[in-house]
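Okay, input35.txt is below, compact mmCIF, C-alpha atoms:
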```txt
# COMPACT_ATOMS: atom_id res chain seq x y z
CA MET A 1 -174.79 53.34 -41.13
CA THR A 2 -175.07 49.53 -41.05
CA ASP A 3 -172.11 47.49 -39.85
CA THR A 4 -170.98 44.73 -42.13
CA PRO A 5 -170.93 41.49 -40.13
CA SER A 6 -167.49 39.97 -39.84
CA THR A 7 -166.80 36.45 -41.05
CA SER A 8 -165.50 34.17 -38.31
CA ASN A 9 -163.09 31.28 -38.75
CA THR A 10 -165.99 28.98 -37.86
CA ASP A 11 -168.07 30.38 -40.74
CA ILE A 12 -165.15 29.85 -43.12
CA ASP A 13 -164.60 26.31 -41.85
CA ASP A 14 -168.30 25.54 -42.30
CA ALA A 15 -168.26 26.95 -45.83
CA ILE A 16 -165.22 24.83 -46.74
CA LYS A 17 -166.86 21.77 -45.18
CA HIS A 18 -170.06 22.22 -47.20
CA GLU A 19 -168.12 22.94 -50.39
CA SER A 20 -166.32 19.61 -50.06
CA MET A 21 -169.39 17.55 -49.10
CA THR A 22 -170.43 14.83 -51.49
CA SER A 23 -174.05 13.88 -52.26
CA ARG A 24 -173.73 11.02 -49.78
CA ASP A 25 -172.51 13.47 -47.11
CA TYR A 26 -175.59 15.65 -47.65
CA TYR A 27 -177.74 12.53 -47.41
CA ALA A 28 -176.10 11.58 -44.11
CA ASP A 29 -176.38 15.13 -42.78
CA SER A 30 -180.13 15.26 -43.53
CA TYR A 31 -180.69 12.09 -41.51
CA ALA A 32 -179.11 13.66 -38.42
CA HIS A 33 -182.33 15.64 -37.85
CA PHE A 34 -184.69 13.94 -35.43
CA GLY A 35 -187.80 15.00 -37.37
CA ILE A 36 -187.09 12.51 -40.15
CA HIS A 37 -186.74 9.71 -37.59
CA GLU A 38 -189.89 10.82 -35.79
CA GLU A 39 -191.86 10.47 -39.02
CA MET A 40 -190.45 7.00 -39.67
CA LEU A 41 -190.96 5.77 -36.11
CA LYS A 42 -194.56 6.99 -36.09
CA ASP A 43 -195.22 5.10 -39.33
CA LYS A 44 -196.91 2.12 -37.69
CA VAL A 45 -197.12 0.04 -40.87
CA ARG A 46 -193.36 0.30 -41.26
CA THR A 47 -192.26 0.01 -37.64
CA LEU A 48 -194.78 -2.60 -36.50
CA GLY A 49 -194.13 -4.55 -39.70
CA TYR A 50 -190.48 -4.94 -38.71
CA ARG A 51 -191.28 -5.52 -35.04
CA ASN A 52 -193.80 -8.26 -35.81
CA ALA A 53 -191.46 -9.96 -38.28
CA ILE A 54 -188.75 -10.04 -35.60
CA TYR A 55 -190.82 -10.75 -32.46
CA ASN A 56 -192.92 -13.44 -34.11
CA ASN A 57 -189.76 -15.27 -35.15
CA LYS A 58 -187.61 -15.13 -32.04
CA GLN A 59 -186.31 -18.62 -32.81
CA LEU A 60 -184.35 -17.11 -35.71
CA PHE A 61 -182.77 -14.42 -33.50
CA ARG A 62 -182.11 -16.29 -30.27
CA GLY A 63 -178.34 -16.43 -29.65
CA LYS A 64 -177.53 -15.02 -33.11
CA THR A 65 -175.44 -12.11 -34.41
CA VAL A 66 -177.33 -9.33 -36.20
CA LEU A 67 -176.13 -6.45 -38.39
CA ASP A 68 -178.43 -3.40 -38.63
CA VAL A 69 -177.48 -1.41 -41.76
CA GLY A 70 -178.46 2.26 -41.48
CA CYS A 71 -179.55 1.82 -37.87
CA GLY A 72 -180.78 5.38 -37.31
CA THR A 73 -182.13 5.70 -33.76
CA GLY A 74 -181.52 1.98 -33.13
CA ILE A 75 -185.12 0.77 -33.05
CA LEU A 76 -184.48 -2.32 -35.22
CA SER A 77 -181.33 -3.14 -33.26
CA MET A 78 -183.34 -3.07 -30.04
CA PHE A 79 -186.10 -5.21 -31.55
CA ALA A 80 -183.43 -7.78 -32.44
CA ALA A 81 -181.82 -7.66 -29.00
CA ARG A 82 -185.17 -8.01 -27.25
CA ALA A 83 -185.93 -11.00 -29.51
CA GLY A 84 -182.85 -12.73 -28.06
CA ALA A 85 -179.94 -11.83 -30.35
CA ALA A 86 -176.59 -12.43 -28.64
CA GLN A 87 -174.87 -9.47 -30.30
CA VAL A 88 -176.16 -6.68 -32.54
CA VAL A 89 -174.01 -4.24 -34.48
CA GLY A 90 -175.70 -1.13 -35.84
CA ILE A 91 -173.94 1.11 -38.34
CA ASP A 92 -174.95 4.57 -39.56
CA MET A 93 -173.00 7.45 -41.05
CA SER A 94 -175.35 10.11 -39.67
CA ASN A 95 -174.82 12.01 -36.42
CA ILE A 96 -178.13 10.57 -35.20
CA ILE A 97 -176.07 7.60 -34.00
CA GLU A 98 -174.94 9.72 -31.04
CA GLN A 99 -178.57 9.85 -29.88
CA ALA A 100 -178.99 6.18 -30.74
CA GLN A 101 -176.18 5.32 -28.32
CA ARG A 102 -177.96 7.18 -25.53
CA ILE A 103 -181.22 5.41 -26.39
CA VAL A 104 -179.57 1.98 -26.41
CA ASN A 105 -177.93 2.64 -23.03
CA ALA A 106 -181.13 4.05 -21.52
CA ASN A 107 -182.95 0.85 -22.46
CA GLY A 108 -180.34 -1.47 -20.99
CA PHE A 109 -178.90 -2.89 -24.22
CA GLY A 110 -175.42 -1.35 -23.99
CA ASP A 111 -173.83 -4.76 -23.42
CA ARG A 112 -175.40 -6.42 -26.48
CA ILE A 113 -175.71 -3.61 -29.03
CA THR A 114 -172.58 -2.01 -30.49
CA LEU A 115 -173.10 1.11 -32.59
CA VAL A 116 -170.56 2.17 -35.20
CA LYS A 117 -170.50 5.54 -36.96
CA GLY A 118 -169.25 5.47 -40.53
CA LYS A 119 -169.81 4.27 -44.06
CA LEU A 120 -170.05 0.51 -44.22
CA GLU A 121 -167.85 0.50 -47.30
CA GLU A 122 -165.00 2.16 -45.34
CA THR A 123 -165.50 0.85 -41.80
CA GLU A 124 -164.16 -2.22 -40.04
CA LEU A 125 -166.87 -3.86 -37.95
CA PRO A 126 -166.18 -5.62 -34.63
CA ILE A 127 -167.75 -8.84 -35.92
CA GLN A 128 -166.80 -10.35 -39.27
CA GLU A 129 -169.79 -12.65 -39.86
CA PHE A 130 -173.47 -12.21 -39.07
CA ASP A 131 -176.40 -14.61 -38.99
CA ILE A 132 -178.95 -11.92 -39.91
CA ILE A 133 -178.92 -8.54 -41.65
CA ILE A 134 -181.78 -6.15 -40.92
CA SER A 135 -182.24 -2.83 -42.66
CA GLU A 136 -184.93 -0.33 -43.49
CA TRP A 137 -183.30 0.78 -46.72
CA MET A 138 -186.29 1.65 -48.89
CA GLY A 139 -186.87 5.18 -50.22
CA TYR A 140 -189.67 6.89 -52.09
CA PHE A 141 -190.56 4.89 -55.21
CA LEU A 142 -188.52 2.15 -53.50
CA LEU A 143 -185.14 3.25 -54.90
CA TYR A 144 -184.94 7.04 -54.36
CA GLU A 145 -182.27 7.78 -51.73
CA SER A 146 -182.26 4.07 -50.92
CA MET A 147 -179.38 2.21 -49.28
CA LEU A 148 -179.92 -0.98 -51.23
CA ASP A 149 -176.43 -0.95 -52.72
CA THR A 150 -175.00 -0.76 -49.19
CA VAL A 151 -177.20 -3.63 -48.00
CA LEU A 152 -176.04 -5.77 -50.93
CA LEU A 153 -172.43 -4.98 -50.04
CA ALA A 154 -173.13 -5.96 -46.42
CA ARG A 155 -174.66 -9.22 -47.63
CA ASP A 156 -171.64 -10.12 -49.75
CA LYS A 157 -169.10 -9.12 -47.10
CA TYR A 158 -170.67 -10.10 -43.79
CA LEU A 159 -173.66 -12.47 -44.10
CA LYS A 160 -172.99 -16.10 -43.17
CA GLU A 161 -173.92 -18.77 -45.67
CA GLY A 162 -177.56 -19.62 -45.08
CA GLY A 163 -178.13 -16.35 -43.19
CA HIS A 164 -181.26 -14.23 -43.43
CA ILE A 165 -182.01 -10.71 -44.64
CA PHE A 166 -184.94 -8.74 -43.16
CA PRO A 167 -186.75 -7.90 -45.43
CA ASP A 168 -185.64 -10.06 -48.35
CA VAL A 169 -188.07 -9.24 -51.20
CA THR A 170 -189.50 -5.96 -52.51
CA THR A 171 -191.87 -5.47 -55.44
CA LEU A 172 -192.52 -2.26 -57.42
CA TYR A 173 -195.92 -1.54 -59.03
CA LEU A 174 -197.42 0.95 -61.49
CA ALA A 175 -201.03 2.01 -62.15
CA GLY A 176 -202.91 4.81 -63.88
CA ILE A 177 -205.02 7.40 -62.05
CA GLU A 178 -207.61 10.10 -62.70
CA ASP A 179 -206.35 13.28 -61.04
CA GLY A 180 -207.64 16.15 -63.14
CA ASP A 181 -208.29 18.66 -60.35
CA TYR A 182 -204.90 18.37 -58.72
CA LYS A 183 -203.09 18.27 -62.06
CA GLU A 184 -204.88 21.52 -62.95
CA GLU A 185 -203.71 23.03 -59.67
CA LYS A 186 -200.11 21.80 -59.85
CA ILE A 187 -199.31 21.72 -63.58
CA SER A 188 -201.75 23.86 -65.57
CA TYR A 189 -201.42 26.66 -63.01
CA TRP A 190 -198.21 27.78 -64.70
CA ASP A 191 -199.97 28.61 -67.99
CA ASP A 192 -201.36 31.83 -66.47
CA VAL A 193 -199.87 33.24 -63.26
CA TYR A 194 -201.68 36.52 -62.52
CA GLY A 195 -201.88 37.20 -66.25
CA PHE A 196 -198.29 36.17 -67.05
CA ASP A 197 -197.01 33.19 -69.04
CA TYR A 198 -195.00 30.92 -66.72
CA SER A 199 -195.28 27.87 -68.97
CA CYS A 200 -191.51 27.26 -68.84
CA ILE A 201 -192.03 26.25 -65.19
CA LYS A 202 -194.73 23.82 -66.29
CA GLU A 203 -192.16 21.73 -68.15
CA ILE A 204 -190.01 21.55 -65.01
CA ALA A 205 -193.02 20.66 -62.84
CA LEU A 206 -193.95 17.82 -65.16
CA ARG A 207 -190.49 16.30 -64.83
CA GLU A 208 -190.60 16.25 -61.03
CA PRO A 209 -192.56 13.30 -59.60
CA LEU A 210 -194.85 14.15 -56.71
CA VAL A 211 -194.79 12.11 -53.49
CA ASP A 212 -198.34 12.20 -52.15
CA THR A 213 -201.23 10.09 -50.90
CA VAL A 214 -203.53 8.87 -53.67
CA ASP A 215 -207.15 7.93 -52.98
CA MET A 216 -207.90 4.40 -54.13
CA LYS A 217 -211.01 5.74 -55.88
CA ALA A 218 -208.71 7.65 -58.27
CA VAL A 219 -207.07 4.47 -59.57
CA VAL A 220 -208.54 3.55 -62.97
CA THR A 221 -206.37 0.57 -63.96
CA ARG A 222 -205.30 -2.69 -62.44
CA PRO A 223 -201.78 -2.53 -61.00
CA CYS A 224 -198.85 -4.01 -62.86
CA MET A 225 -195.74 -5.40 -61.22
CA VAL A 226 -192.71 -3.86 -62.93
CA LYS A 227 -189.78 -4.93 -60.73
CA LYS A 228 -189.13 -7.59 -58.11
CA ILE A 229 -185.92 -7.45 -56.09
CA ASP A 230 -184.80 -10.53 -54.19
CA LEU A 231 -182.12 -9.31 -51.80
CA ARG A 232 -180.66 -12.79 -51.51
CA THR A 233 -179.55 -12.76 -55.16
CA ALA A 234 -179.82 -9.14 -56.39
CA ARG A 235 -176.78 -7.29 -57.75
CA LYS A 236 -176.03 -3.58 -57.73
CA GLU A 237 -176.42 -3.61 -61.51
CA ASP A 238 -180.06 -4.65 -61.07
CA LEU A 239 -180.86 -1.17 -59.75
CA THR A 240 -180.63 0.07 -63.33
CA PHE A 241 -183.41 -1.53 -65.32
CA GLU A 242 -186.03 -1.25 -68.04
CA ALA A 243 -189.29 -3.14 -67.56
CA PRO A 244 -192.40 -3.47 -69.74
CA PHE A 245 -195.85 -2.84 -68.28
CA THR A 246 -199.46 -3.36 -69.30
CA LEU A 247 -202.20 -1.50 -67.43
CA ARG A 248 -205.73 -2.82 -67.97
CA VAL A 249 -208.36 -0.10 -67.59
CA THR A 250 -211.17 -0.87 -65.13
CA ARG A 251 -213.71 1.83 -66.08
CA ASN A 252 -214.46 4.58 -68.57
CA ASP A 253 -212.41 7.54 -67.35
CA TYR A 254 -209.28 9.62 -67.89
CA ILE A 255 -205.65 9.03 -67.00
CA HIS A 256 -203.78 12.13 -65.88
CA ALA A 257 -200.85 10.38 -64.24
CA PHE A 258 -199.12 7.11 -63.45
CA ILE A 259 -198.42 6.19 -59.84
CA GLY A 260 -195.82 3.90 -58.33
CA TRP A 261 -195.58 2.11 -54.98
CA PHE A 262 -193.94 -0.96 -53.51
CA ASP A 263 -194.57 -3.96 -51.28
CA VAL A 264 -192.11 -5.29 -48.70
CA GLU A 265 -191.88 -8.98 -47.83
CA PHE A 266 -190.19 -11.04 -45.13
CA SER A 267 -190.36 -14.31 -47.07
CA CYS A 268 -187.75 -16.22 -45.06
CA LEU A 269 -190.17 -16.67 -42.14
CA HIS A 270 -192.12 -19.80 -41.29
CA VAL A 271 -195.22 -17.73 -42.07
CA PRO A 272 -194.13 -15.01 -44.54
CA MET A 273 -195.16 -11.44 -43.70
CA ARG A 274 -195.54 -8.39 -45.90
CA PHE A 275 -196.79 -4.83 -45.98
CA SER A 276 -197.69 -2.50 -48.84
CA THR A 277 -197.23 1.21 -49.51
CA GLY A 278 -199.97 1.25 -52.17
CA PRO A 279 -203.16 3.35 -52.34
CA HIS A 280 -205.22 0.31 -51.28
CA ALA A 281 -203.29 -0.06 -48.02
CA GLN A 282 -202.93 1.83 -44.74
CA TYR A 283 -200.96 5.08 -44.90
CA THR A 284 -197.15 4.95 -44.78
CA HIS A 285 -194.63 7.79 -44.84
CA TRP A 286 -193.56 6.57 -48.29
CA LYS A 287 -197.04 7.45 -49.66
CA GLN A 288 -197.17 6.95 -53.45
CA THR A 289 -195.15 8.55 -56.25
CA VAL A 290 -197.14 10.40 -58.94
CA PHE A 291 -195.85 10.88 -62.50
CA TYR A 292 -198.05 13.37 -64.35
CA THR A 293 -198.45 12.94 -68.11
CA LYS A 294 -198.28 15.83 -70.54
CA GLU A 295 -201.47 14.76 -72.30
CA THR A 296 -204.67 13.35 -70.80
CA LEU A 297 -205.54 9.81 -71.88
CA THR A 298 -209.22 9.10 -72.53
CA VAL A 299 -209.70 5.43 -71.70
CA CYS A 300 -212.51 2.89 -71.69
CA ALA A 301 -213.02 -0.22 -69.59
CA ASP A 302 -210.90 -3.24 -70.64
CA GLU A 303 -208.57 -1.20 -72.84
CA GLU A 304 -204.82 -1.41 -72.23
CA VAL A 305 -202.04 1.10 -71.79
CA ASN A 306 -198.72 -0.50 -72.73
CA GLY A 307 -195.28 0.85 -72.10
CA THR A 308 -191.87 0.59 -70.47
CA LEU A 309 -190.45 1.96 -67.24
CA SER A 310 -186.75 2.81 -67.17
CA VAL A 311 -184.97 3.56 -63.89
CA ALA A 312 -181.32 4.43 -63.24
CA PRO A 313 -179.34 6.17 -60.51
CA ASN A 314 -178.41 9.69 -61.55
CA ALA A 315 -174.83 9.93 -62.81
CA ARG A 316 -173.94 12.94 -60.62
CA ASN A 317 -175.83 11.88 -57.49
CA PRO A 318 -176.47 8.12 -57.32
CA ARG A 319 -179.15 8.56 -54.63
CA ASP A 320 -181.25 10.57 -57.11
CA LEU A 321 -183.19 8.71 -59.78
CA ASP A 322 -183.53 9.23 -63.53
CA ILE A 323 -186.85 7.73 -64.61
CA LYS A 324 -188.43 7.41 -68.05
CA ILE A 325 -191.96 6.23 -68.78
CA THR A 326 -192.80 5.40 -72.38
CA TYR A 327 -196.43 4.53 -73.08
CA ASN A 328 -198.83 3.79 -75.92
CA HIS A 329 -202.63 3.65 -75.80
CA GLU A 330 -204.99 2.93 -78.68
CA GLY A 331 -208.63 3.05 -77.68
CA ASN A 332 -212.17 3.81 -78.80
CA ALA A 333 -211.79 7.50 -77.93
CA GLY A 334 -208.45 7.93 -79.68
CA SER A 335 -204.79 7.04 -79.36
CA SER A 336 -201.92 8.53 -77.41
CA SER A 337 -198.22 7.80 -76.98
CA ALA A 338 -195.30 9.60 -75.36
CA GLU A 339 -191.86 9.27 -73.85
CA LEU A 340 -191.76 11.11 -70.52
CA PRO A 341 -188.51 11.83 -68.61
CA TYR A 342 -188.58 12.42 -64.85
CA LYS A 343 -186.00 13.06 -62.15
CA MET A 344 -186.41 12.42 -58.43
CA SER A 345 -184.01 14.69 -56.56
```
Please lay out the structure from this file as structure tokens.
Amino acid sequence: MTDTPSTSNTDIDDAIKHESMTSRDYYADSYAHFGIHEEMLKDKVRTLGYRNAIYNNKQLFRGKTVLDVGCGTGILSMFAARAGAAQVVGIDMSNIIEQAQRIVNANGFGDRITLVKGKLEETELPIQEFDIIISEWMGYFLLYESMLDTVLLARDKYLKEGGHIFPDVTTLYLAGIEDGDYKEEKISYWDDVYGFDYSCIKEIALREPLVDTVDMKAVVTRPCMVKKIDLRTARKEDLTFEAPFTLRVTRNDYIHAFIGWFDVEFSCLHVPMRFSTGPHAQYTHWKQTVFYTKETLTVCADEEVNGTLSVAPNARNPRDLDIKITYNHEGNAGSSSAELPYKMS
């Protein structure tokens, strides 16, 4: 006879807690795990990009007040303090901030870095105006699970006139790729699973973008810039957009998917700095985002694929993204057009 395990009050409390959690609470809870921060810290393009932008411009930080939005383990706050900032306030709603406090103290910055746990929208900060806002807010495909809306709120509420935002410009790109083998493995696999028809799963798989590293040799079009966000002037409404694109084909080949990536720029510096998350650049934890097409496009050099990219936060969970790619191609080997819905969740 097997005993039925009893349910403790703690189990019930945990169940009630999770039942009442919002999408933002789940987001915060996921960022309490050190593994996510380990991956980001070990991303040298990301971390050294911020460090170099700060250390190479110490004249901007010396004696200034700095707000670190979504401070995580506190690495950007410590970069700012080491660059000479008089006071740094880091805010994060994740429990990782408890470890960040220990890290800040262990490195001797407890007198100049103040860490606050909470949502910026609901929290009173110890300083009411800041000279600089720093934040690593970008998500996959730039806007998935991003904190950009929070950074814009921080800008409007706390940034002094003439203050700086690090980084201050991001740019989103699209291109077309040949990826027949992997598409066969990921998408066409569902047509015949050990002799059974699983094609209903294929439709779901097509709607879910894949975050993965793309070899530059797979890219068969020139990139097209589809969205530029200037954090000095952007509005929350700008995160919902529709943008046209034209992809010029560079060789005779096939297009099995579109890919997206973004560049990050610190343009306020005396010598502007930037880094890219594209297939042509050094690896980052953001990788690239792959949107498989239902049909394969047969393309020839110098032909064009025209279309529109539509992006909007999901209505139920604003940190998820609803994406639609509409394209049209008329070429020597035939024509193709489609409207493809995707969801990043």
Inset, instruction - Mind checking which residues fall within 6 Å of Ala86 (chain A), counting only C-alpha atoms, ignoring those fewer than 6 positions away in the same chain, and posting them as a count of residues only? - result: 3
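Minimum distance to Val249 (chain A) across A:Val220, A:Val104, A:Val69, A:Val264 (counting all atoms listed in the file) occurs at A:Val220.
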Minimum-distance residue to Asp230 (chain A), chosen among A:Arg207, A:Lys44, A:His164, A:His280 (using all atoms listed in the file):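 Answer, going by the shortest atom-to-atom distance: A:His164.
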Each residue of region 28-129 of chain A with at least one atom at most 10 Å from region 149-159 of chain A should appear once, together with its nearest atom pair and the corresponding distance in Å (one decimal); atoms considered: only C-alpha atoms; ordering: chain, then increasing residue number; output as a Markdown table.
```
| residue | atom | partner | partner_atom | distance |
| --- | --- | --- | --- | --- |
| A:Thr65 | CA | A:Leu159 | CA | 9.9 |
| A:Val66 | CA | A:Leu159 | CA | 9.3 |
| A:Leu67 | CA | A:Tyr158 | CA | 8.5 |
| A:Asp68 | CA | A:Val151 | CA | 9.5 |
| A:Val69 | CA | A:Val151 | CA | 6.6 |
| A:Gly70 | CA | A:Val151 | CA | 8.9 |
| A:Lys119 | CA | A:Thr150 | CA | 8.9 |
| A:Leu120 | CA | A:Thr150 | CA | 7.1 |
| A:Glu121 | CA | A:Thr150 | CA | 7.5 |
| A:Leu125 | CA | A:Tyr158 | CA | 9.4 |
| A:Ile127 | CA | A:Tyr158 | CA | 8.5 |
| A:Gln128 | CA | A:Tyr158 | CA | 6.0 |
| A:Glu129 | CA | A:Tyr158 | CA | 4.8 |
```
- So which residues touch Leu143 (chain A) within 10 Å, counting all atoms listed in the file, skipping near sequence neighbours fewer than 4 positions away, as a PyMOL selection string? chain A and resi 137-139+147-149+172+239+262+311-313+319-321+344
Glu303 (chain A): which residues within 6 Å, counting all atoms listed in the file, same-chain residues fewer than 2 positions away excluded, as a list in words?
Arg248, Val249, Cys300 and Ala301 of chain A
_CA of Thr289 (chain A) to CA of Ile259 (chain A), straight-line distance in Å_ =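 These two atoms are separated by 5.4 Å.
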In terms of only C-alpha atoms, the residue from A:Gly162, A:Pro341, A:Gly72, A:Pro318 at minimal distance from Glu38 (chain A) is A:Gly72
Using all atoms listed in the file, which of the listed residues (A:Asn332, A:Thr233, A:Thr277, A:Gln282) sits closest to Thr298 (chain A)?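 Closest residue, counting all atoms listed in the file: A:Asn332.
Picture a line from CA of Trp190 (chain A) to CA of Val214 (chain A); it runs 22.5 Å.
Every protein or nucleic acid residue with an atom no more than 9 Å from Thr296 (chain A), counting all atoms listed in the file and leaving out same-chain residues fewer than 4 positions away, appears here: A:Gly180, A:Tyr254, A:Ile255, A:His256, A:Ala257, A:Ser336.
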Restrict the selected residues to C-alpha atoms and save them as a compact mmCIF listing (two decimals), keeping the file's coordinate frame.
```txt
# COMPACT_ATOMS: atom_id res chain seq x y z
CA GLY A 180 -207.64 16.15 -63.14
CA TYR A 254 -209.28 9.62 -67.89
CA ILE A 255 -205.65 9.03 -67.00
CA HIS A 256 -203.78 12.13 -65.88
CA ALA A 257 -200.85 10.38 -64.24
CA SER A 336 -201.92 8.53 -77.41
```
Judged by only C-alpha atoms, the minimum distance to Tyr182 (chain A) among A:Tyr292, A:Phe34, A:Phe245, A:Tyr144 is found for A:Tyr292
CA of Ala243 (chain A) sits from CA of Thr293 (chain A) at a separation of 18.5 Å
